[in-house]
Every structure is written in C-alpha cells, then in structure tokens.
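A short worksheet on the structure shown next.
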Amino acid sequence: MPQKPQDLPLCFLMTFGHCGIDYLHSLIDAHQQVLLMPAFSFYRSWKMIQCDSASSRDEMFELWRKYLTEHDASQVDRRKLFYEDAEAERFFAEFREALKDSGLSHSGVFYALHRAYCRAKDIDLSGVKVLVAHEHHPFVFDDIRTDFPEAKFLVINRDPRASLAGSFHQLEKAFGHLPDYYFNFNVEIWMQAIRNWKQIGRKLPTERYKVVRNEDLHASLEDEMRGIAEWLGIDYSPILEKCTFSGREWVGESAYMTPDSKYPQPVDEFYLPQNVRERWMGVLSREDIAVAELLTGDAMDAFGYERMTPRNIFWKLYAFLLYLLPHRGLWGHWRKSYANVTEFESISRHLGGGIPGRIWKATPNCLKLTAVLLRSVMLRFRIYFFPGNRRRRYV
C-alpha cells in the first residue's frame, strides 16, 4: 500500500507536438486510482523559474511559491493548483517540510511537490495505483529517463499537419504573421519527439511506452480509454470519458475557437475527420504541407497518416529548400515593416553599444535584412543537421 508519492508507479504523459495532451490529461484527471496534479509541467516550470539557481531549500521554496501563486501561467484552469486559501496554506506548509527530506534534485523537488499536493487536497494514497505527471515538451525526455529510470511514457500523437496548422493558425492570429522563433520552436518539438520515439520509445517494452492517436480518442473514446486504463494498471470507469481539470468540468480548447472561447460548431461535428482536415487544409499551403511531410514523414508512415506529396528525391529537395526559407507570412511582414523589422532591434540589443553595435546601426536596411535572412537559413540548416541540445533554444 503506497504511503508516499514515490511509492507509486510513475508514468509521464507526453506529446509529439500540438496533439491534444490537455485533452488526454482531462480524461484521466478525475479517476480515483490516479494521482495527477494540474498540467503545470514540472521540467518546463523548473527551467522557466530557474530552479538551477537555487542554492538552498528556502530559495527553492520561494521560487515555487511565487510561480504557483503569482505567475499568470499557473493561473489558467488546466494549471491552477488551488481554489481555496486553505489549500494553498496546507500545500506550502507541507512543501517546506518535504524539501527538508527530499533535497533539491529534480526527483526530490518533484516528489516534494506531489507530497504537498496530496496534503493540500487531502488525498488518501491507499487507493491510488499510479502517479501520472503531465510534461508538455518532448525536449526533457532524456532528463526524465535519467531522473526516473523506471518511468513509463504515455504519448499522444496526431496528424502532424493538423498539429502544425493549429499552432501556426494561433500564432498568426496573435502576431499577424508566423515569427521565425515560433516556427522553429514548433518544428523542433516534432523533430525532438520523433527522435525520442525512434531512438528510445519504440525500443522500450510495450508496457513502458505507449502511443495514443488523438483521432482514435475522438472516433472510439470508450475503447481507447479502456486500453489506456489497462495499460496504466487502473480499473476502467466511465469517468475516463469525462473532461475535467482538478475535478471541475473542462470544455476543452482549440486554436480554432471563437474569441469568446466557443467551438464554432457542435463538438461532435467539430472533431469529425473531414472537418479537421478542412481546417488544416485551410491553414497550410501546398508548400507548408511539403515541409511538414518532409520533417515528420517517419511518424506519419508509422502511425498511419497518408502523405499528400510524392516521396521522390525532387520533392524532398524542394521541401528542404522551402524549409530553409522564412515562412511566407514572415516575408510579407518584413515587406510591410522594412524600415523597422523587429529582428533589427533585437540584433542591436544583442550586440550592445560597442563597435559591433554601432556598425550594425549604421548598416543600410537592405544589408541588415540580408543578414537576418542568412541567419534564419543558417539556423534552420543547423536545426536540421546539427541540432545539439534543442531545449537550450527555448523556454
């Protein structure tokens, strides 16, 4: 009978990209045999609040206290830990004590947070069979395997074209174009996740690594959740077909929702395959599709997503050249803001006020834009062939 969170089998819920990890999380959320905190993503939060800089328990405690109570990112419904002041008081009192026992390592703080969560929510672990942790970015897969060598992985997948289209659509609504940083970020998420699966995931025993397709959840929810329950080692319950966060009903989210967070059509119709396809086809150009299929082709083939572009060498080279160049929306943005391209100022700040900075400011805009373009192309070439540690480039 488990007495502490570290006594439980551990499973990390992960994703290939923008594939519906929050949706899968919400289906598991309310099951009584699962210990599952809201979707704050431990490793991503660790980097965001710079926990590596903490040299004492008090510093570590304060970093997490501020993040969990004051940071905007921790207050959205799917990440919110506390709904009452008494819960927060119990959590932080227990967290401070737990840190004394656990130390400041990844695993120590991870379990201290879960111990505090159990205290805040009065969770009895005697009936719990598995601890599931939501980790949003695949960049930390190797870290997880180092810190928790026996962990299992439940990974949600989706047609990469639909995934990338949703991300691009949301970003274009926010910025009016697709910035280089966010294009690279979304592409590298997929490239990292495919690497995780190819090099490690598919070589692990089936009881350690399971891929679930988003499309299958929407097509046959009960069957899929029965399979997931068996794999997790928990009893099937109809609660696994209800979407909740912290036990509260969750309506879901999509990049295609209206400004007032409503689905543009009934949910059952919204997720029909033909409607999903129509949406991503409306966002991606033929060139975008060629790039997506070049970068994610191995996963598409393995998980049953039919390609639209030929597989010959001509299309591969064509798609690679398209990938190297800035996204079409960014070209338009640069033309409109030629004299005040955002990247000009960011490079100026990076160079500082010394001689390099003064030379950059005096450089004609046409040469500046050429330099920005060359930098973009070189970075994408590096991302494709010599990625190094992809996580270092992103929060």
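Labels used: A, B, ... for chains in the order of the structure tokens, numbers from 1 for residues in each chain, and numbers from 1 for ligands as shown.
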
Shell around region 320-336 of chain A at 9 Å using only C-alpha atoms, local window under 4 positions removed, as a short mmCIF file (atom, residue, chain, number, x, y, z; two decimals) with N, CA and C atoms, in the first residue's frame:
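Ended up saving to part.cif:
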```cif
data_model
loop_
_atom_site.label_atom_id
_atom_site.label_comp_id
_atom_site.auth_asym_id
_atom_site.auth_seq_id
_atom_site.Cartn_x
_atom_site.Cartn_y
_atom_site.Cartn_z
N GLU A 172 -0.43 33.09 -35.92
CA GLU A 172 -0.71 34.12 -36.91
C GLU A 172 -1.83 35.05 -36.43
N GLY A 176 -0.04 38.29 -36.41
CA GLY A 176 -0.30 38.75 -37.76
C GLY A 176 0.59 38.07 -38.78
N HIS A 177 1.55 37.28 -38.32
CA HIS A 177 2.45 36.50 -39.17
C HIS A 177 3.05 35.40 -38.30
N LEU A 178 3.87 34.56 -38.86
CA LEU A 178 4.49 33.48 -38.11
C LEU A 178 5.97 33.80 -37.88
N PRO A 179 6.33 34.27 -36.67
CA PRO A 179 7.73 34.61 -36.40
C PRO A 179 8.64 33.40 -36.53
N ASP A 180 9.87 33.65 -36.93
CA ASP A 180 10.87 32.58 -37.09
C ASP A 180 11.01 31.74 -35.83
N PHE A 183 8.08 29.36 -35.47
CA PHE A 183 8.12 28.32 -36.49
C PHE A 183 9.14 27.26 -36.09
N GLU A 287 3.00 24.18 -50.16
CA GLU A 287 4.40 24.24 -49.75
C GLU A 287 4.56 23.90 -48.27
N ASP A 288 3.65 24.41 -47.42
CA ASP A 288 3.69 24.08 -46.00
C ASP A 288 3.53 22.57 -45.79
N ALA A 290 4.29 20.19 -47.87
CA ALA A 290 5.52 19.51 -48.30
C ALA A 290 6.58 19.56 -47.20
N VAL A 291 6.73 20.72 -46.56
CA VAL A 291 7.71 20.85 -45.48
C VAL A 291 7.32 19.97 -44.29
N ALA A 292 6.05 20.00 -43.90
CA ALA A 292 5.58 19.19 -42.77
C ALA A 292 5.82 17.71 -43.03
N LEU A 294 8.05 16.38 -45.07
CA LEU A 294 9.48 16.11 -45.05
C LEU A 294 9.97 15.90 -43.62
N LEU A 295 9.56 16.78 -42.71
CA LEU A 295 10.10 16.77 -41.35
C LEU A 295 9.49 15.69 -40.47
N TRP A 315 10.96 16.05 -54.71
CA TRP A 315 10.10 16.66 -53.70
C TRP A 315 10.83 16.82 -52.37
N LYS A 316 11.71 15.90 -52.06
CA LYS A 316 12.47 16.03 -50.82
C LYS A 316 13.38 17.25 -50.87
N ASN A 340 11.59 49.03 -40.05
CA ASN A 340 11.53 48.76 -38.60
C ASN A 340 11.32 47.27 -38.33
N VAL A 341 12.04 46.44 -39.04
CA VAL A 341 11.93 44.99 -38.83
C VAL A 341 12.32 44.66 -37.39
N THR A 342 11.49 43.87 -36.74
CA THR A 342 11.70 43.55 -35.32
C THR A 342 13.09 42.99 -35.07
N LEU A 369 18.61 43.32 -43.66
CA LEU A 369 17.63 42.29 -43.97
C LEU A 369 18.30 41.06 -44.58
N LEU A 373 18.09 37.32 -43.03
CA LEU A 373 17.70 36.17 -43.84
C LEU A 373 18.75 35.07 -43.77
N SER A 376 18.63 33.30 -40.49
CA SER A 376 17.47 32.40 -40.42
C SER A 376 17.76 31.09 -41.14
N VAL A 377 18.32 31.20 -42.35
CA VAL A 377 18.61 30.00 -43.14
C VAL A 377 19.66 29.13 -42.44
N MET A 378 20.71 29.77 -41.92
CA MET A 378 21.77 29.01 -41.26
C MET A 378 21.27 28.31 -40.00
N LEU A 379 20.39 28.98 -39.26
CA LEU A 379 19.85 28.37 -38.05
C LEU A 379 19.01 27.15 -38.40
N ARG A 380 18.20 27.25 -39.44
CA ARG A 380 17.37 26.11 -39.82
C ARG A 380 18.22 24.95 -40.34
N PHE A 381 19.30 25.28 -41.05
CA PHE A 381 20.22 24.23 -41.50
C PHE A 381 20.81 23.51 -40.29
#
```

Original post:
Hey, what's within 8 Å of region 37-45 of chain A if we count only C-alpha atoms and toss same-chain stuff fewer than 4 positions away? As number ranges by chain, please?
Top reply: A: 22, 25, 49, 74, 78-81, 110, 114, 117, 132-137, 140, 245-246, 395

Would you mind exporting the chosen residues as an mmCIF file, in the first residue's frame, restricted to N, CA and C atoms?
```
data_model
loop_
_atom_site.group_PDB
_atom_site.id
_atom_site.type_symbol
_atom_site.label_atom_id
_atom_site.label_comp_id
_atom_site.auth_asym_id
_atom_site.auth_seq_id
_atom_site.Cartn_x
_atom_site.Cartn_y
_atom_site.Cartn_z
ATOM 1 N N ASP A 22 -3.593 18.106 -23.347
ATOM 2 C CA ASP A 22 -4.505 18.584 -22.303
ATOM 3 C C ASP A 22 -5.813 17.800 -22.330
ATOM 4 N N HIS A 25 -5.079 14.468 -20.726
ATOM 5 C CA HIS A 25 -4.942 14.736 -19.294
ATOM 6 C C HIS A 25 -6.322 14.861 -18.641
ATOM 7 N N ILE A 49 11.421 29.095 -14.135
ATOM 8 C CA ILE A 49 11.654 29.860 -12.903
ATOM 9 C C ILE A 49 13.087 29.713 -12.396
ATOM 10 N N SER A 74 0.439 29.967 -14.276
ATOM 11 C CA SER A 74 -0.039 28.951 -13.330
ATOM 12 C C SER A 74 -1.477 29.185 -12.887
ATOM 13 N N ARG A 78 -6.269 24.802 -16.510
ATOM 14 C CA ARG A 78 -5.623 23.495 -16.589
ATOM 15 C C ARG A 78 -4.331 23.416 -15.774
ATOM 16 N N ARG A 79 -3.830 24.551 -15.250
ATOM 17 C CA ARG A 79 -2.610 24.533 -14.439
ATOM 18 C C ARG A 79 -2.844 24.991 -13.006
ATOM 19 N N LYS A 80 -4.019 25.445 -12.697
ATOM 20 C CA LYS A 80 -4.297 26.044 -11.384
ATOM 21 C C LYS A 80 -4.338 24.964 -10.298
ATOM 22 N N LEU A 81 -3.524 25.125 -9.269
ATOM 23 C CA LEU A 81 -3.460 24.129 -8.200
ATOM 24 C C LEU A 81 -4.468 24.377 -7.090
ATOM 25 N N PHE A 110 10.363 17.168 -7.292
ATOM 26 C CA PHE A 110 9.186 16.585 -7.948
ATOM 27 C C PHE A 110 8.303 15.875 -6.927
ATOM 28 N N HIS A 114 4.484 16.760 -5.117
ATOM 29 C CA HIS A 114 3.350 15.818 -5.101
ATOM 30 C C HIS A 114 2.916 15.500 -3.667
ATOM 31 N N TYR A 117 0.892 18.410 -2.626
ATOM 32 C CA TYR A 117 -0.411 18.406 -3.299
ATOM 33 C C TYR A 117 -1.369 17.436 -2.609
ATOM 34 N N VAL A 132 0.650 9.916 -12.389
ATOM 35 C CA VAL A 132 0.817 10.390 -13.763
ATOM 36 C C VAL A 132 1.249 11.855 -13.710
ATOM 37 N N ALA A 133 2.282 12.195 -14.461
ATOM 38 C CA ALA A 133 2.792 13.572 -14.493
ATOM 39 C C ALA A 133 2.749 14.090 -15.922
ATOM 40 N N HIS A 134 2.143 15.241 -16.111
ATOM 41 C CA HIS A 134 1.997 15.877 -17.420
ATOM 42 C C HIS A 134 3.265 16.671 -17.724
ATOM 43 N N GLU A 135 3.956 16.304 -18.798
ATOM 44 C CA GLU A 135 5.128 17.060 -19.223
ATOM 45 C C GLU A 135 4.936 17.467 -20.676
ATOM 46 N N HIS A 136 4.780 18.759 -20.919
ATOM 47 C CA HIS A 136 4.265 19.237 -22.194
ATOM 48 C C HIS A 136 5.260 19.162 -23.342
ATOM 49 N N HIS A 137 6.538 19.374 -23.081
ATOM 50 C CA HIS A 137 7.521 19.429 -24.160
ATOM 51 C C HIS A 137 8.367 18.160 -24.208
ATOM 52 N N VAL A 140 12.524 17.288 -22.764
ATOM 53 C CA VAL A 140 13.045 16.822 -21.469
ATOM 54 C C VAL A 140 12.988 15.302 -21.333
ATOM 55 N N PHE A 245 -10.559 19.171 -15.097
ATOM 56 C CA PHE A 245 -9.275 19.536 -14.510
ATOM 57 C C PHE A 245 -9.531 19.820 -13.042
ATOM 58 N N SER A 246 -8.768 19.145 -12.184
ATOM 59 C CA SER A 246 -8.982 19.216 -10.733
ATOM 60 C C SER A 246 -10.435 18.883 -10.386
ATOM 61 N N VAL A 395 12.313 28.348 -23.920
ATOM 62 C CA VAL A 395 11.915 28.324 -22.507
ATOM 63 C C VAL A 395 11.174 27.014 -22.256
#
```

Subject >> Neighbour list for Glu150 (chain A) as a list in words, cut-off 12 Å, only C-alpha atoms, skip fewer than 2 positions in-chain >> reply: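 Skipping anything fewer than 2 positions along the chain leaves Gln6, Leu8, Pro9, Leu10, Cys11, Phe12, Ile144, Arg145, Thr146, Asp147, Phe148, Lys152, Phe153, Leu204, Pro205, Glu207, Arg208 and Tyr209 of chain A.
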
Kindly export the residues of the current selection with C-alpha atoms, as a PDB file, in the first residue's frame.
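What landed in selection_9.pdb:
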```pdb
ATOM      1  CA  GLN A   6       7.438   7.955  -4.577  1.00  0.00           C
ATOM      2  CA  LEU A   8       3.702   4.697  -6.726  1.00  0.00           C
ATOM      3  CA  PRO A   9       4.498   3.524 -10.266  1.00  0.00           C
ATOM      4  CA  LEU A  10       5.275   6.622 -12.329  1.00  0.00           C
ATOM      5  CA  CYS A  11       4.008   7.481 -15.804  1.00  0.00           C
ATOM      6  CA  PHE A  12       4.793  10.650 -17.740  1.00  0.00           C
ATOM      7  CA  ILE A 144      13.156  12.228 -17.253  1.00  0.00           C
ATOM      8  CA  ARG A 145      14.839   8.948 -18.111  1.00  0.00           C
ATOM      9  CA  THR A 146      17.908   9.993 -16.110  1.00  0.00           C
ATOM     10  CA  ASP A 147      15.948  11.156 -13.070  1.00  0.00           C
ATOM     11  CA  PHE A 148      13.297   8.410 -13.170  1.00  0.00           C
ATOM     12  CA  LYS A 152       6.579   4.767 -18.224  1.00  0.00           C
ATOM     13  CA  PHE A 153       5.528   7.084 -21.053  1.00  0.00           C
ATOM     14  CA  LEU A 204      11.235   0.076 -24.827  1.00  0.00           C
ATOM     15  CA  PRO A 205       8.895  -2.766 -23.796  1.00  0.00           C
ATOM     16  CA  GLU A 207       4.386  -1.788 -21.030  1.00  0.00           C
ATOM     17  CA  ARG A 208       6.823   1.148 -20.751  1.00  0.00           C
ATOM     18  CA  TYR A 209       5.939   3.215 -23.836  1.00  0.00           C
TER      19      TYR A 209
END
```

**OP:** From a DSSP calculation on the backbone, collect every residue of region 11-49 of chain A in strand (DSSP E or B) and output the set as a ChimeraX atom specification.
**Re:** /A:11-15,34-36

Residues just named, written with N, CA and C atoms as an mmCIF file, in the first residue's frame:
```
data_model
loop_
_atom_site.group_PDB
_atom_site.id
_atom_site.type_symbol
_atom_site.label_atom_id
_atom_site.label_comp_id
_atom_site.auth_asym_id
_atom_site.auth_seq_id
_atom_site.Cartn_x
_atom_site.Cartn_y
_atom_site.Cartn_z
ATOM 1 N N CYS A 11 4.216 7.372 -14.357
ATOM 2 C CA CYS A 11 4.008 7.481 -15.804
ATOM 3 C C CYS A 11 4.019 8.951 -16.197
ATOM 4 N N PHE A 12 4.797 9.286 -17.214
ATOM 5 C CA PHE A 12 4.793 10.650 -17.740
ATOM 6 C C PHE A 12 3.888 10.713 -18.962
ATOM 7 N N LEU A 13 2.975 11.663 -18.929
ATOM 8 C CA LEU A 13 2.095 11.948 -20.052
ATOM 9 C C LEU A 13 2.797 12.972 -20.932
ATOM 10 N N MET A 14 3.071 12.597 -22.202
ATOM 11 C CA MET A 14 3.823 13.467 -23.101
ATOM 12 C C MET A 14 3.142 13.531 -24.464
ATOM 13 N N THR A 15 3.764 14.261 -25.398
ATOM 14 C CA THR A 15 3.121 14.507 -26.683
ATOM 15 C C THR A 15 4.164 14.635 -27.787
ATOM 16 N N VAL A 34 -5.721 7.397 -9.740
ATOM 17 C CA VAL A 34 -4.623 8.137 -10.370
ATOM 18 C C VAL A 34 -4.302 9.374 -9.539
ATOM 19 N N LEU A 35 -3.030 9.556 -9.226
ATOM 20 C CA LEU A 35 -2.564 10.812 -8.640
ATOM 21 C C LEU A 35 -2.048 11.669 -9.790
ATOM 22 N N LEU A 36 -2.718 12.770 -10.054
ATOM 23 C CA LEU A 36 -2.387 13.617 -11.202
ATOM 24 C C LEU A 36 -2.586 15.076 -10.817
#
```

Subject >> Within 12 Å of Glu278 (chain A) using only C-alpha atoms, minus same-chain residues under 4 positions, as a PyMOL selection string >> reply: chain A and resi 161-162+165-166+256+270-274+282-284

**OP:** Could you find all residues in region 14-211 of chain A that DSSP calls helix (DSSP H, G or I) from the backbone, and write them as a ChimeraX atom specification?
**Re:** /A:21-28,42-48,51-53,57-70,72-74,85-102,106-121,125-127,138-147,160-175,180-199,201-203

Subject >> Among the residues A:Asn157, A:Gln75, A:Gln3, A:Asn365, the one that comes closest to Asp216 (chain A) [using only C-alpha atoms] >> reply: A:Asn157

Report as CSV: every residue of region 112-177 of chain A with an atom at most 12 Å from region 218-229 of chain A, its closest pair of atoms, and their distance in Å to one decimal, counting only C-alpha atoms, with rows sorted by chain and ascending residue number.
```
residue,atom,partner,partner_atom,distance
A:Lys129,CA,A:Ala229,CA,10.9
A:Val130,CA,A:Ala229,CA,10.6
A:Phe153,CA,A:Ile228,CA,11.5
A:Leu154,CA,A:Ile228,CA,8.6
A:Val155,CA,A:Ile228,CA,10.9
A:Ile156,CA,A:Ile228,CA,11.3
A:Arg158,CA,A:His218,CA,11.3
```

Any chance you can output those residues with N, CA and C atoms as a tab-separated table (two decimals), in the first residue's frame?
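In the end it all went to again.tsv:
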```
chain	number	residue	atom	x	y	z
A	129	LYS	N	-3.17	3.85	-7.61
A	129	LYS	CA	-2.34	2.82	-8.22
A	129	LYS	C	-1.23	3.35	-9.11
A	130	VAL	N	-1.30	4.63	-9.50
A	130	VAL	CA	-0.27	5.17	-10.39
A	130	VAL	C	-0.20	6.68	-10.25
A	153	PHE	N	5.88	5.91	-20.25
A	153	PHE	CA	5.53	7.08	-21.05
A	153	PHE	C	4.26	6.81	-21.85
A	154	LEU	N	3.26	7.66	-21.63
A	154	LEU	CA	2.03	7.64	-22.41
A	154	LEU	C	2.07	8.87	-23.30
A	155	VAL	N	2.18	8.67	-24.61
A	155	VAL	CA	2.46	9.76	-25.54
A	155	VAL	C	1.31	9.90	-26.54
A	156	ILE	N	0.76	11.11	-26.64
A	156	ILE	CA	-0.33	11.33	-27.59
A	156	ILE	C	0.23	11.86	-28.91
A	158	ARG	N	-0.83	12.83	-33.25
A	158	ARG	CA	-1.87	13.38	-34.11
A	158	ARG	C	-1.28	13.58	-35.50
```

**OP:** Pick out the closest residue to Ile234 (chain A) from this set: A:Ala116, A:Cys19, A:Val109, A:Leu131. Count only C-alpha atoms.
**Re:**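 Smallest separation from Ile234 (chain A) among the options: A:Leu131.
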
Subject >> Residue contacts of region 194-202 of chain A (8 Å, only C-alpha atoms) excluding same-chain residues fewer than 6 positions away, as a ChimeraX atom specification >> reply: /A:16,138,141,209,296,298-299

**OP:** Quote the spacing between CA of Ala30 (chain A) and CA of Gly247 (chain A) in Å to one decimal place.
**Re:** 5.3 Å

Original post:
Which neighbours of Ser167 (chain A) fall inside 8 Å, counting only C-alpha atoms, when residues of the same chain fewer than 3 positions from it are skipped, and could you give them as number ranges by chain?
Top reply: A: 18, 163-164, 170-171, 186, 255

Original post:
Excluding same-chain residues fewer than 3 positions from Tyr394 (chain A), what lies within 10 Å of it counting only C-alpha atoms, as a ChimeraX atom specification?
Top reply: /A:44,47-48,139,181-182,184-185,188,390-391
